[in-house]
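Shown next: model09.cif, containing mmCIF, N, CA and C atoms.
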data_model
loop_
_atom_site.label_atom_id
_atom_site.label_comp_id
_atom_site.auth_asym_id
_atom_site.auth_seq_id
_atom_site.Cartn_x
_atom_site.Cartn_y
_atom_site.Cartn_z
N MET A 1 -20.38 -82.08 9.72
CA MET A 1 -20.84 -81.80 8.38
C MET A 1 -19.74 -81.06 7.62
N ASP A 2 -19.72 -81.28 6.32
CA ASP A 2 -18.78 -80.57 5.47
C ASP A 2 -19.15 -79.10 5.40
N PRO A 3 -18.17 -78.23 5.19
CA PRO A 3 -18.49 -76.81 5.07
C PRO A 3 -19.30 -76.53 3.81
N ILE A 4 -20.07 -75.44 3.84
CA ILE A 4 -20.83 -75.00 2.69
C ILE A 4 -19.91 -74.12 1.85
N ASN A 5 -19.87 -74.34 0.53
CA ASN A 5 -19.02 -73.49 -0.31
C ASN A 5 -19.88 -72.72 -1.32
N GLU A 6 -19.25 -71.82 -2.05
CA GLU A 6 -19.98 -70.92 -2.94
C GLU A 6 -20.76 -71.65 -4.02
N THR A 7 -20.31 -72.79 -4.49
CA THR A 7 -21.04 -73.50 -5.55
C THR A 7 -22.38 -74.02 -5.04
N HIS A 8 -22.50 -74.28 -3.74
CA HIS A 8 -23.78 -74.71 -3.18
C HIS A 8 -24.83 -73.61 -3.29
N LEU A 9 -24.40 -72.35 -3.21
CA LEU A 9 -25.31 -71.20 -3.18
C LEU A 9 -24.98 -70.21 -4.28
N SER A 10 -24.81 -70.71 -5.49
CA SER A 10 -24.33 -69.86 -6.58
C SER A 10 -25.34 -68.83 -7.06
N ARG A 11 -26.64 -69.02 -6.75
CA ARG A 11 -27.67 -68.08 -7.20
C ARG A 11 -28.69 -67.83 -6.09
N PRO A 12 -29.35 -66.66 -6.11
CA PRO A 12 -30.39 -66.40 -5.11
C PRO A 12 -31.49 -67.47 -5.20
N GLY A 13 -32.02 -67.85 -4.05
CA GLY A 13 -33.09 -68.84 -4.01
C GLY A 13 -32.61 -70.25 -3.71
N LEU A 14 -31.29 -70.46 -3.67
CA LEU A 14 -30.75 -71.77 -3.35
C LEU A 14 -30.42 -71.82 -1.86
N LEU A 15 -30.77 -72.90 -1.20
CA LEU A 15 -30.53 -73.04 0.24
C LEU A 15 -29.84 -74.35 0.54
N VAL A 16 -28.99 -74.33 1.55
CA VAL A 16 -28.44 -75.54 2.14
C VAL A 16 -29.09 -75.64 3.52
N VAL A 17 -29.76 -76.76 3.78
CA VAL A 17 -30.47 -76.94 5.05
C VAL A 17 -29.80 -78.07 5.82
N ASP A 18 -29.27 -77.75 6.98
CA ASP A 18 -28.70 -78.75 7.89
C ASP A 18 -29.75 -79.05 8.94
N ILE A 19 -30.11 -80.31 9.06
CA ILE A 19 -31.14 -80.74 10.00
C ILE A 19 -30.48 -81.53 11.12
N ALA A 20 -30.80 -81.18 12.34
CA ALA A 20 -30.38 -81.95 13.51
C ALA A 20 -31.64 -82.48 14.17
N ALA A 21 -31.68 -83.78 14.42
CA ALA A 21 -32.88 -84.40 14.99
C ALA A 21 -32.50 -85.49 15.97
N ALA A 22 -33.46 -85.92 16.75
CA ALA A 22 -33.22 -86.97 17.75
C ALA A 22 -33.00 -88.33 17.10
N ASP A 23 -33.64 -88.56 15.93
CA ASP A 23 -33.54 -89.88 15.30
C ASP A 23 -33.69 -89.78 13.78
N ASP A 24 -33.39 -90.88 13.10
CA ASP A 24 -33.47 -90.93 11.63
C ASP A 24 -34.86 -90.60 11.13
N ALA A 25 -35.88 -91.20 11.73
CA ALA A 25 -37.25 -91.02 11.25
C ALA A 25 -37.66 -89.54 11.28
N THR A 26 -37.30 -88.83 12.31
CA THR A 26 -37.66 -87.42 12.43
C THR A 26 -36.95 -86.59 11.37
N ALA A 27 -35.65 -86.80 11.20
CA ALA A 27 -34.88 -86.04 10.22
C ALA A 27 -35.40 -86.30 8.80
N LEU A 28 -35.65 -87.55 8.48
CA LEU A 28 -36.12 -87.89 7.14
C LEU A 28 -37.55 -87.40 6.90
N ALA A 29 -38.39 -87.40 7.93
CA ALA A 29 -39.75 -86.88 7.80
C ALA A 29 -39.73 -85.38 7.53
N PHE A 30 -38.86 -84.65 8.23
CA PHE A 30 -38.76 -83.21 8.00
C PHE A 30 -38.25 -82.93 6.58
N GLN A 31 -37.25 -83.68 6.15
CA GLN A 31 -36.75 -83.52 4.79
C GLN A 31 -37.87 -83.78 3.78
N GLN A 32 -38.70 -84.77 4.02
CA GLN A 32 -39.80 -85.09 3.11
C GLN A 32 -40.80 -83.93 3.03
N LEU A 33 -41.07 -83.28 4.16
CA LEU A 33 -41.96 -82.11 4.14
C LEU A 33 -41.39 -81.00 3.26
N LEU A 34 -40.10 -80.78 3.35
CA LEU A 34 -39.46 -79.77 2.49
C LEU A 34 -39.56 -80.18 1.02
N ALA A 35 -39.30 -81.45 0.74
CA ALA A 35 -39.30 -81.95 -0.65
C ALA A 35 -40.70 -81.90 -1.27
N GLU A 36 -41.74 -81.97 -0.47
CA GLU A 36 -43.09 -81.89 -1.00
C GLU A 36 -43.45 -80.47 -1.42
N ARG A 37 -42.72 -79.50 -0.92
CA ARG A 37 -43.04 -78.10 -1.20
C ARG A 37 -42.10 -77.46 -2.24
N TRP A 38 -40.81 -77.80 -2.19
CA TRP A 38 -39.82 -77.20 -3.09
C TRP A 38 -38.97 -78.26 -3.74
N ALA A 39 -38.35 -77.89 -4.86
CA ALA A 39 -37.39 -78.78 -5.52
C ALA A 39 -36.25 -79.01 -4.55
N THR A 40 -35.99 -80.26 -4.23
CA THR A 40 -35.04 -80.59 -3.18
C THR A 40 -34.14 -81.73 -3.60
N ALA A 41 -32.83 -81.56 -3.39
CA ALA A 41 -31.88 -82.67 -3.53
C ALA A 41 -31.82 -83.32 -2.16
N THR A 42 -32.43 -84.47 -2.04
CA THR A 42 -32.56 -85.11 -0.74
C THR A 42 -31.37 -86.00 -0.41
N ALA A 43 -31.20 -86.23 0.87
CA ALA A 43 -30.17 -87.15 1.36
C ALA A 43 -30.81 -88.51 1.56
N GLU A 44 -30.06 -89.56 1.32
CA GLU A 44 -30.57 -90.92 1.48
C GLU A 44 -30.47 -91.42 2.92
N ARG A 45 -29.54 -90.83 3.67
CA ARG A 45 -29.32 -91.32 5.04
C ARG A 45 -28.83 -90.17 5.91
N THR A 46 -28.91 -90.38 7.19
CA THR A 46 -28.43 -89.40 8.16
C THR A 46 -26.99 -89.73 8.55
N THR A 47 -26.35 -88.81 9.26
CA THR A 47 -25.02 -89.06 9.80
C THR A 47 -25.06 -88.85 11.31
N ARG A 48 -24.10 -89.43 11.98
CA ARG A 48 -23.98 -89.28 13.43
C ARG A 48 -22.60 -88.74 13.76
N ASP A 49 -22.55 -87.79 14.69
CA ASP A 49 -21.28 -87.27 15.18
C ASP A 49 -20.90 -88.06 16.42
N VAL A 50 -19.71 -88.62 16.42
CA VAL A 50 -19.25 -89.43 17.55
C VAL A 50 -19.33 -88.62 18.84
N GLY A 51 -19.92 -89.21 19.85
CA GLY A 51 -20.03 -88.56 21.15
C GLY A 51 -21.14 -87.53 21.27
N GLN A 52 -21.91 -87.32 20.20
CA GLN A 52 -23.00 -86.35 20.22
C GLN A 52 -24.33 -87.08 20.07
N PRO A 53 -25.37 -86.60 20.75
CA PRO A 53 -26.68 -87.24 20.61
C PRO A 53 -27.32 -86.89 19.28
N GLY A 54 -28.23 -87.72 18.82
CA GLY A 54 -29.02 -87.43 17.63
C GLY A 54 -28.30 -87.68 16.32
N VAL A 55 -28.96 -87.23 15.26
CA VAL A 55 -28.47 -87.43 13.90
C VAL A 55 -28.48 -86.09 13.16
N ARG A 56 -27.77 -86.07 12.04
CA ARG A 56 -27.73 -84.88 11.19
C ARG A 56 -28.00 -85.29 9.75
N LEU A 57 -28.53 -84.33 8.99
CA LEU A 57 -28.84 -84.57 7.59
C LEU A 57 -28.71 -83.23 6.87
N ARG A 58 -28.20 -83.24 5.67
CA ARG A 58 -28.09 -82.02 4.86
C ARG A 58 -28.84 -82.24 3.56
N CYS A 59 -29.67 -81.25 3.20
CA CYS A 59 -30.32 -81.30 1.91
C CYS A 59 -30.24 -79.92 1.26
N TYR A 60 -30.51 -79.87 -0.04
CA TYR A 60 -30.38 -78.65 -0.81
C TYR A 60 -31.74 -78.31 -1.42
N LEU A 61 -32.19 -77.06 -1.25
CA LEU A 61 -33.48 -76.62 -1.77
C LEU A 61 -33.31 -75.53 -2.80
N ASP A 62 -34.22 -75.52 -3.77
CA ASP A 62 -34.30 -74.46 -4.76
C ASP A 62 -35.67 -73.82 -4.62
N LEU A 63 -35.72 -72.66 -3.95
CA LEU A 63 -36.99 -71.99 -3.70
C LEU A 63 -37.60 -71.40 -4.96
N ARG A 64 -36.84 -71.34 -6.05
CA ARG A 64 -37.36 -70.80 -7.30
C ARG A 64 -38.24 -71.80 -8.03
N GLN A 65 -38.20 -73.07 -7.63
CA GLN A 65 -38.95 -74.12 -8.32
C GLN A 65 -39.89 -74.83 -7.36
N PRO A 66 -41.07 -74.25 -7.11
CA PRO A 66 -42.00 -74.93 -6.22
C PRO A 66 -42.49 -76.23 -6.84
N ASN A 67 -42.60 -77.26 -6.04
CA ASN A 67 -43.13 -78.54 -6.51
C ASN A 67 -44.65 -78.54 -6.51
N ALA A 68 -45.22 -78.09 -5.42
CA ALA A 68 -46.67 -78.10 -5.27
C ALA A 68 -47.06 -77.10 -4.20
N PRO A 69 -48.29 -76.63 -4.25
CA PRO A 69 -48.72 -75.73 -3.17
C PRO A 69 -48.78 -76.48 -1.85
N ALA A 70 -48.59 -75.76 -0.78
CA ALA A 70 -48.67 -76.37 0.55
C ALA A 70 -50.07 -76.90 0.77
N ALA A 71 -50.16 -78.07 1.35
CA ALA A 71 -51.45 -78.68 1.63
C ALA A 71 -52.18 -77.91 2.73
N ALA A 72 -53.46 -77.78 2.58
CA ALA A 72 -54.25 -77.12 3.62
C ALA A 72 -54.35 -78.04 4.83
N PRO A 73 -54.35 -77.48 6.02
CA PRO A 73 -54.46 -78.32 7.21
C PRO A 73 -55.82 -79.02 7.22
N PRO A 74 -55.87 -80.23 7.76
CA PRO A 74 -57.14 -80.95 7.80
C PRO A 74 -58.15 -80.21 8.67
N THR A 75 -59.41 -80.28 8.27
CA THR A 75 -60.46 -79.66 9.06
C THR A 75 -61.04 -80.67 10.03
N ARG A 76 -61.47 -80.15 11.14
CA ARG A 76 -62.11 -81.02 12.14
C ARG A 76 -63.61 -80.85 12.04
N GLY A 77 -64.31 -81.95 12.04
CA GLY A 77 -65.74 -81.80 11.84
C GLY A 77 -66.57 -82.56 12.73
#
Could you write out this structure as structure tokens?
Amino acid sequence: MDPINETHLSRPGLLVVDIAAADDATALAFQQLLAERWATATAERTTRDVGQPGVRLRCYLDLRQPNAPAAAPPTRG
């Protein structure tokens, strides 16, 4: 992954999230969960490091701009 620089985190509340997962579906699903809660610059695809297992993905979050409240867990009845 490319290094994080000051412009990525120029103000409080901005995050760079590096995700490491076993497969594309897992990494993209986790990114989607983040995007449903906060303003997120999402990645379109994952990357692979030669000789390393799994995939990586980087996305950017702005915690100052919530998208929606977190969904309540389903109830069992």
**Study point:** Two-atom distance - atom C of Gly54 of chain A, atom N of Asp24 of chain A (Å)
**Key:**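 Taking atom C of Gly54 of chain A as the start and atom N of Asp24 of chain A as the end point, the length is 6.8 Å.
We find atom N of Cys59 of chain A and atom CA of Val17 of chain A to be spaced 4.8 Å apart.
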Point to revise | For Leu57 of chain A: contacts at 6 Å, only N, CA and C atoms, fewer than 3 positions along chain excluded, given as a ChimeraX atom specification | key: /A:17-20,45-47
Exercise for review: Kindly indicate which residue among A:Thr40, A:Leu34, A:Ala21, A:Gly13 lies nearest to Tyr60 of chain A, using only N, CA and C atoms for the distances.
Suggested key: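 Of all the options, A:Thr40 lies closest to Tyr60 of chain A.
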Point to revise | Length of the atom CA of Pro53 of chain A to atom CA of Asp23 of chain A vector [Å] | key: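 Atom CA of Asp23 of chain A lies 9.1 Å from atom CA of Pro53 of chain A.
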Reference answer for the PyMOL selection byres (((chain A and resi 32 and name CA) around 12) and name CA), as a short mmCIF file (atom, residue, chain, number, x, y, z; two decimals) with N, CA and C atoms, in the coordinates of the input:
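Result file is result_14.cif:
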data_model
loop_
_atom_site.label_atom_id
_atom_site.label_comp_id
_atom_site.auth_asym_id
_atom_site.auth_seq_id
_atom_site.Cartn_x
_atom_site.Cartn_y
_atom_site.Cartn_z
N ILE A 19 -30.11 -80.31 9.06
CA ILE A 19 -31.14 -80.74 10.00
C ILE A 19 -30.48 -81.53 11.12
N ALA A 25 -35.88 -91.20 11.73
CA ALA A 25 -37.25 -91.02 11.25
C ALA A 25 -37.66 -89.54 11.28
N THR A 26 -37.30 -88.83 12.31
CA THR A 26 -37.66 -87.42 12.43
C THR A 26 -36.95 -86.59 11.37
N ALA A 27 -35.65 -86.80 11.20
CA ALA A 27 -34.88 -86.04 10.22
C ALA A 27 -35.40 -86.30 8.80
N LEU A 28 -35.65 -87.55 8.48
CA LEU A 28 -36.12 -87.89 7.14
C LEU A 28 -37.55 -87.40 6.90
N ALA A 29 -38.39 -87.40 7.93
CA ALA A 29 -39.75 -86.88 7.80
C ALA A 29 -39.73 -85.38 7.53
N PHE A 30 -38.86 -84.65 8.23
CA PHE A 30 -38.76 -83.21 8.00
C PHE A 30 -38.25 -82.93 6.58
N GLN A 31 -37.25 -83.68 6.15
CA GLN A 31 -36.75 -83.52 4.79
C GLN A 31 -37.87 -83.78 3.78
N LEU A 33 -41.07 -83.28 4.16
CA LEU A 33 -41.96 -82.11 4.14
C LEU A 33 -41.39 -81.00 3.26
N LEU A 34 -40.10 -80.78 3.35
CA LEU A 34 -39.46 -79.77 2.49
C LEU A 34 -39.56 -80.18 1.02
N ALA A 35 -39.30 -81.45 0.74
CA ALA A 35 -39.30 -81.95 -0.65
C ALA A 35 -40.70 -81.90 -1.27
N GLU A 36 -41.74 -81.97 -0.47
CA GLU A 36 -43.09 -81.89 -1.00
C GLU A 36 -43.45 -80.47 -1.42
N ARG A 37 -42.72 -79.50 -0.92
CA ARG A 37 -43.04 -78.10 -1.20
C ARG A 37 -42.10 -77.46 -2.24
N TRP A 38 -40.81 -77.80 -2.19
CA TRP A 38 -39.82 -77.20 -3.09
C TRP A 38 -38.97 -78.26 -3.74
N ALA A 39 -38.35 -77.89 -4.86
CA ALA A 39 -37.39 -78.78 -5.52
C ALA A 39 -36.25 -79.01 -4.55
N THR A 40 -35.99 -80.26 -4.23
CA THR A 40 -35.04 -80.59 -3.18
C THR A 40 -34.14 -81.73 -3.60
N ALA A 41 -32.83 -81.56 -3.39
CA ALA A 41 -31.88 -82.67 -3.53
C ALA A 41 -31.82 -83.32 -2.16
N THR A 42 -32.43 -84.47 -2.04
CA THR A 42 -32.56 -85.11 -0.74
C THR A 42 -31.37 -86.00 -0.41
N ALA A 43 -31.20 -86.23 0.87
CA ALA A 43 -30.17 -87.15 1.36
C ALA A 43 -30.81 -88.51 1.56
N GLU A 44 -30.06 -89.56 1.32
CA GLU A 44 -30.57 -90.92 1.48
C GLU A 44 -30.47 -91.42 2.92
N LEU A 57 -28.53 -84.33 8.99
CA LEU A 57 -28.84 -84.57 7.59
C LEU A 57 -28.71 -83.23 6.87
N CYS A 59 -29.67 -81.25 3.20
CA CYS A 59 -30.32 -81.30 1.91
C CYS A 59 -30.24 -79.92 1.26
N LEU A 61 -32.19 -77.06 -1.25
CA LEU A 61 -33.48 -76.62 -1.77
C LEU A 61 -33.31 -75.53 -2.80
#
All heavy atoms for segment 34-45 of chain A, written as a CSV table (one decimal), in the frame of the given file, could you do that?
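So result11.csv came out as:
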chain,number,residue,atom,x,y,z
A,34,LEU,N,-40.1,-80.8,3.4
A,34,LEU,CA,-39.5,-79.8,2.5
A,34,LEU,C,-39.6,-80.2,1.0
A,34,LEU,O,-39.9,-79.4,0.2
A,34,LEU,CB,-38.0,-79.6,2.9
A,34,LEU,CG,-37.7,-79.0,4.3
A,34,LEU,CD1,-36.2,-79.0,4.5
A,34,LEU,CD2,-38.3,-77.6,4.4
A,35,ALA,N,-39.3,-81.4,0.7
A,35,ALA,CA,-39.3,-82.0,-0.6
A,35,ALA,C,-40.7,-81.9,-1.3
A,35,ALA,O,-40.8,-81.8,-2.5
A,35,ALA,CB,-38.8,-83.4,-0.7
A,36,GLU,N,-41.7,-82.0,-0.5
A,36,GLU,CA,-43.1,-81.9,-1.0
A,36,GLU,C,-43.4,-80.5,-1.4
A,36,GLU,O,-44.4,-80.3,-2.2
A,36,GLU,CB,-44.1,-82.4,0.1
A,36,GLU,CG,-44.0,-83.9,0.3
A,36,GLU,CD,-44.9,-84.3,1.4
A,36,GLU,OE1,-45.6,-83.5,2.1
A,36,GLU,OE2,-44.8,-85.6,1.7
A,37,ARG,N,-42.7,-79.5,-0.9
A,37,ARG,CA,-43.0,-78.1,-1.2
A,37,ARG,C,-42.1,-77.5,-2.2
A,37,ARG,O,-42.5,-76.7,-3.0
A,37,ARG,CB,-43.0,-77.3,0.1
A,37,ARG,CG,-43.2,-75.9,0.0
A,37,ARG,CD,-44.4,-75.5,0.7
A,37,ARG,NE,-44.7,-74.1,0.3
A,37,ARG,CZ,-45.4,-73.3,1.1
A,37,ARG,NH1,-45.8,-73.7,2.2
A,37,ARG,NH2,-45.6,-72.1,0.8
A,38,TRP,N,-40.8,-77.8,-2.2
A,38,TRP,CA,-39.8,-77.2,-3.1
A,38,TRP,C,-39.0,-78.3,-3.7
A,38,TRP,O,-38.8,-79.4,-3.2
A,38,TRP,CB,-38.9,-76.3,-2.3
A,38,TRP,CG,-39.6,-75.1,-1.7
A,38,TRP,CD1,-40.1,-74.0,-2.4
A,38,TRP,CD2,-39.9,-74.8,-0.4
A,38,TRP,NE1,-40.6,-73.1,-1.5
A,38,TRP,CE2,-40.5,-73.6,-0.3
A,38,TRP,CE3,-39.6,-75.5,0.8
A,38,TRP,CZ2,-41.0,-73.1,0.9
A,38,TRP,CZ3,-40.1,-75.0,2.0
A,38,TRP,CH2,-40.7,-73.8,2.1
A,39,ALA,N,-38.4,-77.9,-4.9
A,39,ALA,CA,-37.4,-78.8,-5.5
A,39,ALA,C,-36.2,-79.0,-4.6
A,39,ALA,O,-35.6,-78.1,-4.1
A,39,ALA,CB,-36.9,-78.1,-6.8
A,40,THR,N,-36.0,-80.3,-4.2
A,40,THR,CA,-35.0,-80.6,-3.2
A,40,THR,C,-34.1,-81.7,-3.6
A,40,THR,O,-34.6,-82.7,-4.1
A,40,THR,CB,-35.8,-81.0,-1.9
A,40,THR,OG1,-36.7,-80.0,-1.5
A,40,THR,CG2,-34.8,-81.2,-0.7
A,41,ALA,N,-32.8,-81.6,-3.4
A,41,ALA,CA,-31.9,-82.7,-3.5
A,41,ALA,C,-31.8,-83.3,-2.2
A,41,ALA,O,-31.3,-82.8,-1.2
A,41,ALA,CB,-30.5,-82.2,-4.0
A,42,THR,N,-32.4,-84.5,-2.0
A,42,THR,CA,-32.6,-85.1,-0.7
A,42,THR,C,-31.4,-86.0,-0.4
A,42,THR,O,-30.7,-86.5,-1.3
A,42,THR,CB,-33.9,-85.9,-0.7
A,42,THR,OG1,-33.8,-86.9,-1.7
A,42,THR,CG2,-35.1,-85.1,-0.8
A,43,ALA,N,-31.2,-86.2,0.9
A,43,ALA,CA,-30.2,-87.2,1.4
A,43,ALA,C,-30.8,-88.5,1.6
A,43,ALA,O,-32.0,-88.6,1.9
A,43,ALA,CB,-29.6,-86.6,2.7
A,44,GLU,N,-30.1,-89.6,1.3
A,44,GLU,CA,-30.6,-90.9,1.5
A,44,GLU,C,-30.5,-91.4,2.9
A,44,GLU,O,-31.2,-92.3,3.3
A,44,GLU,CB,-29.8,-91.9,0.6
A,44,GLU,CG,-30.0,-91.6,-0.9
A,44,GLU,CD,-31.4,-91.9,-1.4
A,44,GLU,OE1,-31.9,-92.9,-1.0
A,44,GLU,OE2,-31.9,-91.1,-2.2
A,45,ARG,N,-29.5,-90.8,3.7
A,45,ARG,CA,-29.3,-91.3,5.0
A,45,ARG,C,-28.8,-90.2,5.9
A,45,ARG,O,-28.4,-89.1,5.4
A,45,ARG,CB,-28.3,-92.5,5.1
A,45,ARG,CG,-27.0,-92.1,4.5
A,45,ARG,CD,-26.0,-93.3,4.5
A,45,ARG,NE,-24.8,-93.0,3.8
A,45,ARG,CZ,-23.8,-92.4,4.4
A,45,ARG,NH1,-23.8,-92.1,5.7
A,45,ARG,NH2,-22.7,-92.1,3.8
